[in-house]
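One structure is given here, and the rest of the page talks about it.
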Amino acid sequence: MTREELLTRWETLCYDRRTIQGLAVIFPPEVVQKPARSLFGRNGKGRHGAFCFGDAYEVETHKDGHLTRAKVEQVPNADSPFRTSVTDHATKAGHGTKISTIVSKSLISEADLRNLIGSKFLMDPSFTVFLNSEKITFTDVSGIHSEIIEIDSNKKVEVLVIGASHSERSNRLRGVAWWVNNRLVGSPSWSNPHTGVDYLDGRTSTAKKYGFVIKADLLDQFVTPDWLGFRPGPLVTIINEAVDAFVRAELDKLLFGTRKETKKTVVDQNKAAIANLTPISRKRIGTFIDEIQQKCISIKESDLSNAVTVFAKLEQARTGYDLLRQLATCPVDDLERWNDIMSKWSATQAELVLDELDRRLKLIDEMERLVHDRRTDELHELQPLFEKGLWIFGPQYESVEFCSNRQLRTIIRKFQNGEVARLDAPLDRPDLVTGPVGVWDAHSYGADGEVSGISKVLIVELKKGGFKLTSKELDQAKDYALELKRASAVDAPAQIECFVLGSTLDPFASLLDIPQYNIKVTPRTYETILRQANARIFNIRKRIENLRLVEKTVDADVEEIIGAGIQEEFVA
């Protein structure tokens, strides 16, 4: 500052920096600052923080070759609470401002000062903070730890998790900060820069306490020229998704205790309505509260309580009176049947069984409607149905992870944890490739019990309605399987089972079995596969038997509050 600027700004207690100088920080011409840094302060009171340590302090500032020194001291019983007097005015090259005082009160230990100053400014790498001539780094500040996010075997992103012991007055120096080559991209924010979805409400104390620094040097080629963000790209998307999942998981852990107390509070506020519900409905309310706290992180306690009130009323109306009304209209024979059913099954078990059966029957009906229609889009209409109905191909596919309609290169990357194998024909694309994850034969295991590879892969090739399968289509599926083996995308002992589906089947198109490579290619007409689906529906009996073993569960937090309330009423 010049002498005139110093006197004007320092003598004005509520100096309106933003109106007079604008929102961006003004740097000397020789200092390149991209992007331009925004202000942190608002009314200029922070400059007088030195009064916390002494009754007077000194300001030394130089600009445009001129040096100004001034003394600022408190003035008791005067019209102004302090007085600024210039003590020296000379020439000096360079620029900068220094505030100093002799500490006579409120002495802070070096360790506490290191944490206070370091945790406040380290999220922005353009700040360099020294304490007693020693530079402060993240490793010097308590409450900060480093985590590594593995994108794949060759790509890693370091994340610094900041959990200060106190909340900042502003969220400007908190949130998620992206660094590339130790340079800030954009500004720290609690909003995902790629999706715009907020992690936290920046106005809350939690948002002013925690922070994340993402060291994403891998994205140096994607930074925009103004350093305000990233250009779109596959790597940008992959890293953002990984970081997004990490930040949300960390916030879930950090906020677990707070959410639990809030949950108990809103249950207590609605105890009268919830206590009269069935245990199943009370569990639904507990699950509803958990999900709404995770998805609506910034929701207020009062709004959450109102939502629980509405949900409890809906459960009350749905579970009690409607059931009594229906039972009142039942014939005597039906009442006896209902009594027999309820003596053997809980409502939850019956609901799960009927939902599963209804889902499968609707899936078969939809397949029967589409498979023989030449206008059917096998990619967008048939494929999603078969993804949901892998159980049609055998009970071993009841539970699988699958990668739909991806190039073989993508398939290998998914199943080999990012190690891209060289494929001779990487653009060949099967419609569906799956790797079972059940313990029966999801993975192959070594002698030490660790997963050592993939034991089985299913390949499904879908053809349009009216298409006739020939040996050519079977050879195509065989080539997919051989390509996976040749590229070492799966282990040599891994079994690959291929199904080729069409409307009709050429008499000479028969099963291909290649035992030396553990490959089998089976042609099937849609008519045959749907008959198998209807037959396998009867396996629902096994699922019913398993459901009998499922223990009745409750929400512990809800029951703690409701149980306490019931006990208090009993004592009264």
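Following the order of the structure tokens, chains are lettered A, B, ..., residues in each are numbered from 1, and ligands are numbered from 1.
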
Excluding same-chain residues fewer than 5 positions from A:Thr470, what lies within 7 Å of it counting only C-alpha atoms, as a PDB file with N, CA and C atoms, in the first residue's frame?
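Output file result06.pdb follows:
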```pdb
ATOM      1  N   LEU A 505     -33.100 -71.789 -35.920  1.00  0.00           N
ATOM      2  CA  LEU A 505     -31.791 -72.424 -35.855  1.00  0.00           C
ATOM      3  C   LEU A 505     -31.574 -73.298 -37.076  1.00  0.00           C
ATOM      4  N   ASP A 506     -30.449 -73.068 -37.765  1.00  0.00           N
ATOM      5  CA  ASP A 506     -30.066 -73.891 -38.905  1.00  0.00           C
ATOM      6  C   ASP A 506     -29.766 -75.312 -38.409  1.00  0.00           C
ATOM      7  N   ALA A 509     -26.202 -75.994 -37.400  1.00  0.00           N
ATOM      8  CA  ALA A 509     -25.608 -75.175 -36.336  1.00  0.00           C
ATOM      9  C   ALA A 509     -25.805 -75.894 -35.007  1.00  0.00           C
TER      10      ALA A 509
END
```

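For the pair atom CA of A:Leu219 and atom CA of A:Leu251, the interatomic distance is 24.3 Å.
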
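Between A:Ala90 and the candidates A:Asp220, A:Lys135, A:Ile151, A:Arg3, the tightest atom-to-atom separation, counting only C-alpha atoms, involves A:Arg3.
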
Stretch 291-293 of chain A surroundings by only C-alpha atoms, 9 Å radius, close-in-sequence under 5 positions cut, as number ranges by chain
A: 259, 263, 286, 298-299, 304

Residue subset to file, keeping N, CA, C and O atoms, as a CSV table (one decimal), in the first residue's frame:
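Heads up, here's the output in selection.csv:
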```csv
chain,number,residue,atom,x,y,z
A,259,ARG,N,-25.2,-37.7,12.6
A,259,ARG,CA,-26.4,-38.2,12.0
A,259,ARG,C,-27.2,-39.1,12.9
A,259,ARG,O,-28.4,-39.1,13.0
A,263,LYS,N,-30.9,-38.5,14.1
A,263,LYS,CA,-31.9,-39.5,13.8
A,263,LYS,C,-32.7,-39.8,15.1
A,263,LYS,O,-34.0,-39.8,15.1
A,286,GLY,N,-36.8,-46.0,10.0
A,286,GLY,CA,-35.3,-45.9,10.3
A,286,GLY,C,-34.5,-45.9,9.0
A,286,GLY,O,-33.6,-45.1,8.9
A,298,SER,N,-27.5,-31.7,3.4
A,298,SER,CA,-27.7,-30.3,4.0
A,298,SER,C,-29.1,-30.2,4.6
A,298,SER,O,-29.4,-29.0,4.9
A,299,ILE,N,-29.9,-31.2,4.7
A,299,ILE,CA,-31.2,-31.1,5.2
A,299,ILE,C,-31.2,-30.6,6.6
A,299,ILE,O,-30.4,-31.1,7.4
A,304,LEU,N,-36.2,-32.6,8.3
A,304,LEU,CA,-36.2,-34.0,8.4
A,304,LEU,C,-37.3,-34.5,9.3
A,304,LEU,O,-37.9,-35.6,9.0
```

Among stretch 199-273 of chain A, which ones does DSSP place in helix (DSSP H, G or I), written as a tab-separated table (two decimals) with N, CA and C atoms, in the first residue's frame?
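Ended up saving to out-v6.tsv:
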```tsv
chain	number	residue	atom	x	y	z
A	217	ASP	N	-2.30	-34.80	-10.32
A	217	ASP	CA	-1.32	-34.45	-11.35
A	217	ASP	C	-1.57	-35.20	-12.65
A	218	LEU	N	-2.31	-36.32	-12.59
A	218	LEU	CA	-2.63	-37.09	-13.79
A	218	LEU	C	-3.46	-36.28	-14.79
A	219	LEU	N	-4.11	-35.22	-14.28
A	219	LEU	CA	-5.01	-34.44	-15.15
A	219	LEU	C	-4.37	-33.17	-15.68
A	220	ASP	N	-3.02	-33.10	-15.68
A	220	ASP	CA	-2.38	-31.86	-16.10
A	220	ASP	C	-2.70	-31.48	-17.54
A	221	GLN	N	-3.00	-32.48	-18.39
A	221	GLN	CA	-3.32	-32.18	-19.79
A	221	GLN	C	-4.76	-31.75	-19.98
A	222	PHE	N	-5.56	-31.86	-18.93
A	222	PHE	CA	-6.98	-31.53	-19.05
A	222	PHE	C	-7.35	-30.21	-18.38
A	234	PRO	N	-12.23	-38.97	-20.78
A	234	PRO	CA	-12.49	-40.23	-20.07
A	234	PRO	C	-11.74	-40.31	-18.74
A	235	LEU	N	-10.47	-39.88	-18.72
A	235	LEU	CA	-9.69	-39.95	-17.49
A	235	LEU	C	-10.26	-39.00	-16.44
A	236	VAL	N	-10.70	-37.82	-16.87
A	236	VAL	CA	-11.32	-36.86	-15.94
A	236	VAL	C	-12.56	-37.49	-15.29
A	237	THR	N	-13.37	-38.17	-16.10
A	237	THR	CA	-14.59	-38.80	-15.58
A	237	THR	C	-14.26	-39.91	-14.60
A	238	ILE	N	-13.30	-40.76	-14.95
A	238	ILE	CA	-12.94	-41.89	-14.09
A	238	ILE	C	-12.41	-41.39	-12.74
A	239	ILE	N	-11.50	-40.41	-12.78
A	239	ILE	CA	-10.92	-39.90	-11.53
A	239	ILE	C	-11.97	-39.19	-10.70
A	240	ASN	N	-12.84	-38.41	-11.34
A	240	ASN	CA	-13.88	-37.71	-10.58
A	240	ASN	C	-14.82	-38.69	-9.90
A	241	GLU	N	-15.19	-39.77	-10.59
A	241	GLU	CA	-16.07	-40.77	-9.98
A	241	GLU	C	-15.41	-41.41	-8.77
A	242	ALA	N	-14.11	-41.71	-8.89
A	242	ALA	CA	-13.39	-42.33	-7.77
A	242	ALA	C	-13.28	-41.36	-6.60
A	243	VAL	N	-12.97	-40.09	-6.90
A	243	VAL	CA	-12.86	-39.08	-5.84
A	243	VAL	C	-14.22	-38.82	-5.20
A	244	ASP	N	-15.26	-38.76	-6.00
A	244	ASP	CA	-16.61	-38.52	-5.50
A	244	ASP	C	-17.01	-39.62	-4.52
A	245	ALA	N	-16.75	-40.88	-4.89
A	245	ALA	CA	-17.08	-41.99	-3.99
A	245	ALA	C	-16.27	-41.92	-2.70
A	246	PHE	N	-14.99	-41.54	-2.81
A	246	PHE	CA	-14.13	-41.44	-1.63
A	246	PHE	C	-14.61	-40.34	-0.69
A	247	VAL	N	-14.90	-39.16	-1.24
A	247	VAL	CA	-15.34	-38.02	-0.41
A	247	VAL	C	-16.64	-38.36	0.31
A	248	ARG	N	-17.58	-38.97	-0.40
A	248	ARG	CA	-18.86	-39.31	0.22
A	248	ARG	C	-18.67	-40.35	1.33
A	249	ALA	N	-17.80	-41.33	1.09
A	249	ALA	CA	-17.55	-42.35	2.11
A	249	ALA	C	-16.89	-41.74	3.34
A	250	GLU	N	-15.93	-40.82	3.14
A	250	GLU	CA	-15.27	-40.16	4.26
A	250	GLU	C	-16.25	-39.30	5.05
A	251	LEU	N	-17.12	-38.57	4.33
A	251	LEU	CA	-18.10	-37.73	5.02
A	251	LEU	C	-19.09	-38.58	5.80
A	252	ASP	N	-19.44	-39.75	5.27
A	252	ASP	CA	-20.32	-40.65	6.00
A	252	ASP	C	-19.69	-41.05	7.34
A	253	LYS	N	-18.37	-41.32	7.31
A	253	LYS	CA	-17.69	-41.69	8.55
A	253	LYS	C	-17.58	-40.49	9.49
A	254	LEU	N	-17.25	-39.32	8.94
A	254	LEU	CA	-17.08	-38.14	9.78
A	254	LEU	C	-18.39	-37.70	10.41
A	256	PHE	N	-21.07	-39.67	10.99
A	256	PHE	CA	-21.85	-40.78	11.52
A	256	PHE	C	-22.47	-40.44	12.88
A	257	GLY	N	-21.64	-39.94	13.79
A	257	GLY	CA	-22.13	-39.63	15.12
A	257	GLY	C	-23.19	-38.54	15.10
A	258	THR	N	-22.97	-37.49	14.30
A	258	THR	CA	-23.94	-36.40	14.22
A	258	THR	C	-25.26	-36.88	13.65
A	259	ARG	N	-25.19	-37.68	12.59
A	259	ARG	CA	-26.42	-38.19	11.97
A	259	ARG	C	-27.19	-39.10	12.92
A	260	LYS	N	-26.45	-39.90	13.68
A	260	LYS	CA	-27.11	-40.82	14.61
A	260	LYS	C	-27.89	-40.05	15.66
A	261	GLU	N	-27.29	-38.98	16.21
A	261	GLU	CA	-27.98	-38.18	17.21
A	261	GLU	C	-29.18	-37.46	16.60
A	262	THR	N	-29.02	-36.95	15.38
A	262	THR	CA	-30.14	-36.29	14.71
A	262	THR	C	-31.28	-37.27	14.47
A	263	LYS	N	-30.91	-38.48	14.07
A	263	LYS	CA	-31.92	-39.52	13.82
A	263	LYS	C	-32.73	-39.80	15.08
A	264	LYS	N	-32.03	-39.97	16.20
A	264	LYS	CA	-32.72	-40.24	17.46
A	264	LYS	C	-33.61	-39.07	17.88
A	265	THR	N	-33.14	-37.86	17.59
A	265	THR	CA	-33.92	-36.67	17.96
A	265	THR	C	-35.23	-36.61	17.20
A	266	VAL	N	-35.18	-36.83	15.87
A	266	VAL	CA	-36.41	-36.74	15.06
A	266	VAL	C	-37.35	-37.91	15.37
A	267	VAL	N	-36.79	-39.06	15.72
A	267	VAL	CA	-37.66	-40.18	16.13
A	267	VAL	C	-38.36	-39.83	17.44
A	268	ASP	N	-37.63	-39.23	18.36
A	268	ASP	CA	-38.22	-38.82	19.64
A	268	ASP	C	-39.31	-37.79	19.43
A	269	GLN	N	-39.10	-36.88	18.48
A	269	GLN	CA	-40.10	-35.85	18.20
A	269	GLN	C	-41.38	-36.45	17.61
A	271	LYS	N	-42.35	-39.71	18.32
A	271	LYS	CA	-42.48	-40.97	19.05
A	271	LYS	C	-43.94	-41.42	19.16
A	272	ALA	N	-44.84	-40.50	19.37
A	272	ALA	CA	-46.25	-40.86	19.56
A	272	ALA	C	-46.81	-41.57	18.33
A	273	ALA	N	-46.46	-41.09	17.14
A	273	ALA	CA	-46.97	-41.70	15.91
A	273	ALA	C	-46.25	-42.99	15.58
```

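The closest residue to A:Arg69, picked from A:Leu6, A:Ile459, A:Ala207, A:Ala216 and counting only C-alpha atoms, is A:Leu6.
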
Contacts of A:Ile529 at 12 Å or less, counting only C-alpha atoms, minus same-chain residues fewer than 4 places along, as a count of residues only?
26

I need the strand (DSSP E) residues of stretch 1-200 of chain A per DSSP on the backbone, written as a VMD selection string.
chain A and resid 56 to 63 66 to 74 82 to 91 96 to 100 130 to 131 134 to 135 144 to 152 155 to 163 175 to 179 184 to 189

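Residue neighbourhood of A:Asp88, excluding near-sequence residues (fewer than 6 positions): Arg3, Glu60, Leu67, Thr68, Arg69, Ala70 and Lys71 of chain A, at 10 Å, using only C-alpha atoms.
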
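From atom CA of A:Phe130 back to atom CA of A:Cys52, the distance works out to 20.1 Å.
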
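Residues with any atom within 10 Å of A:Asp55, counting only C-alpha atoms and excluding same-chain neighbours fewer than 5 positions away, are Ala50, Val72, Glu73, Gln74, Val75, Phe82, Thr101, Ile102, Val103, Ser104 and Lys105 of chain A.
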
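Each of A:Arg231, A:Arg174, A:His62, A:His194 was compared to A:Lys208 using only C-alpha atoms, and A:Arg174 turns out to be the nearest.
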
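Using only C-alpha atoms, the nearest neighbour of A:Ile285 within the list A:Arg114, A:Lys313, A:His380, A:Lys300 is A:Lys313.
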
From atom CA of A:Arg183 to atom CA of A:Trp227 the spacing works out at 8.9 Å

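Using only C-alpha atoms for every distance, the candidate list A:Glu11, A:Asp64, A:Glu150, A:Glu351 yields A:Asp64 as the residue closest to A:Pro28.
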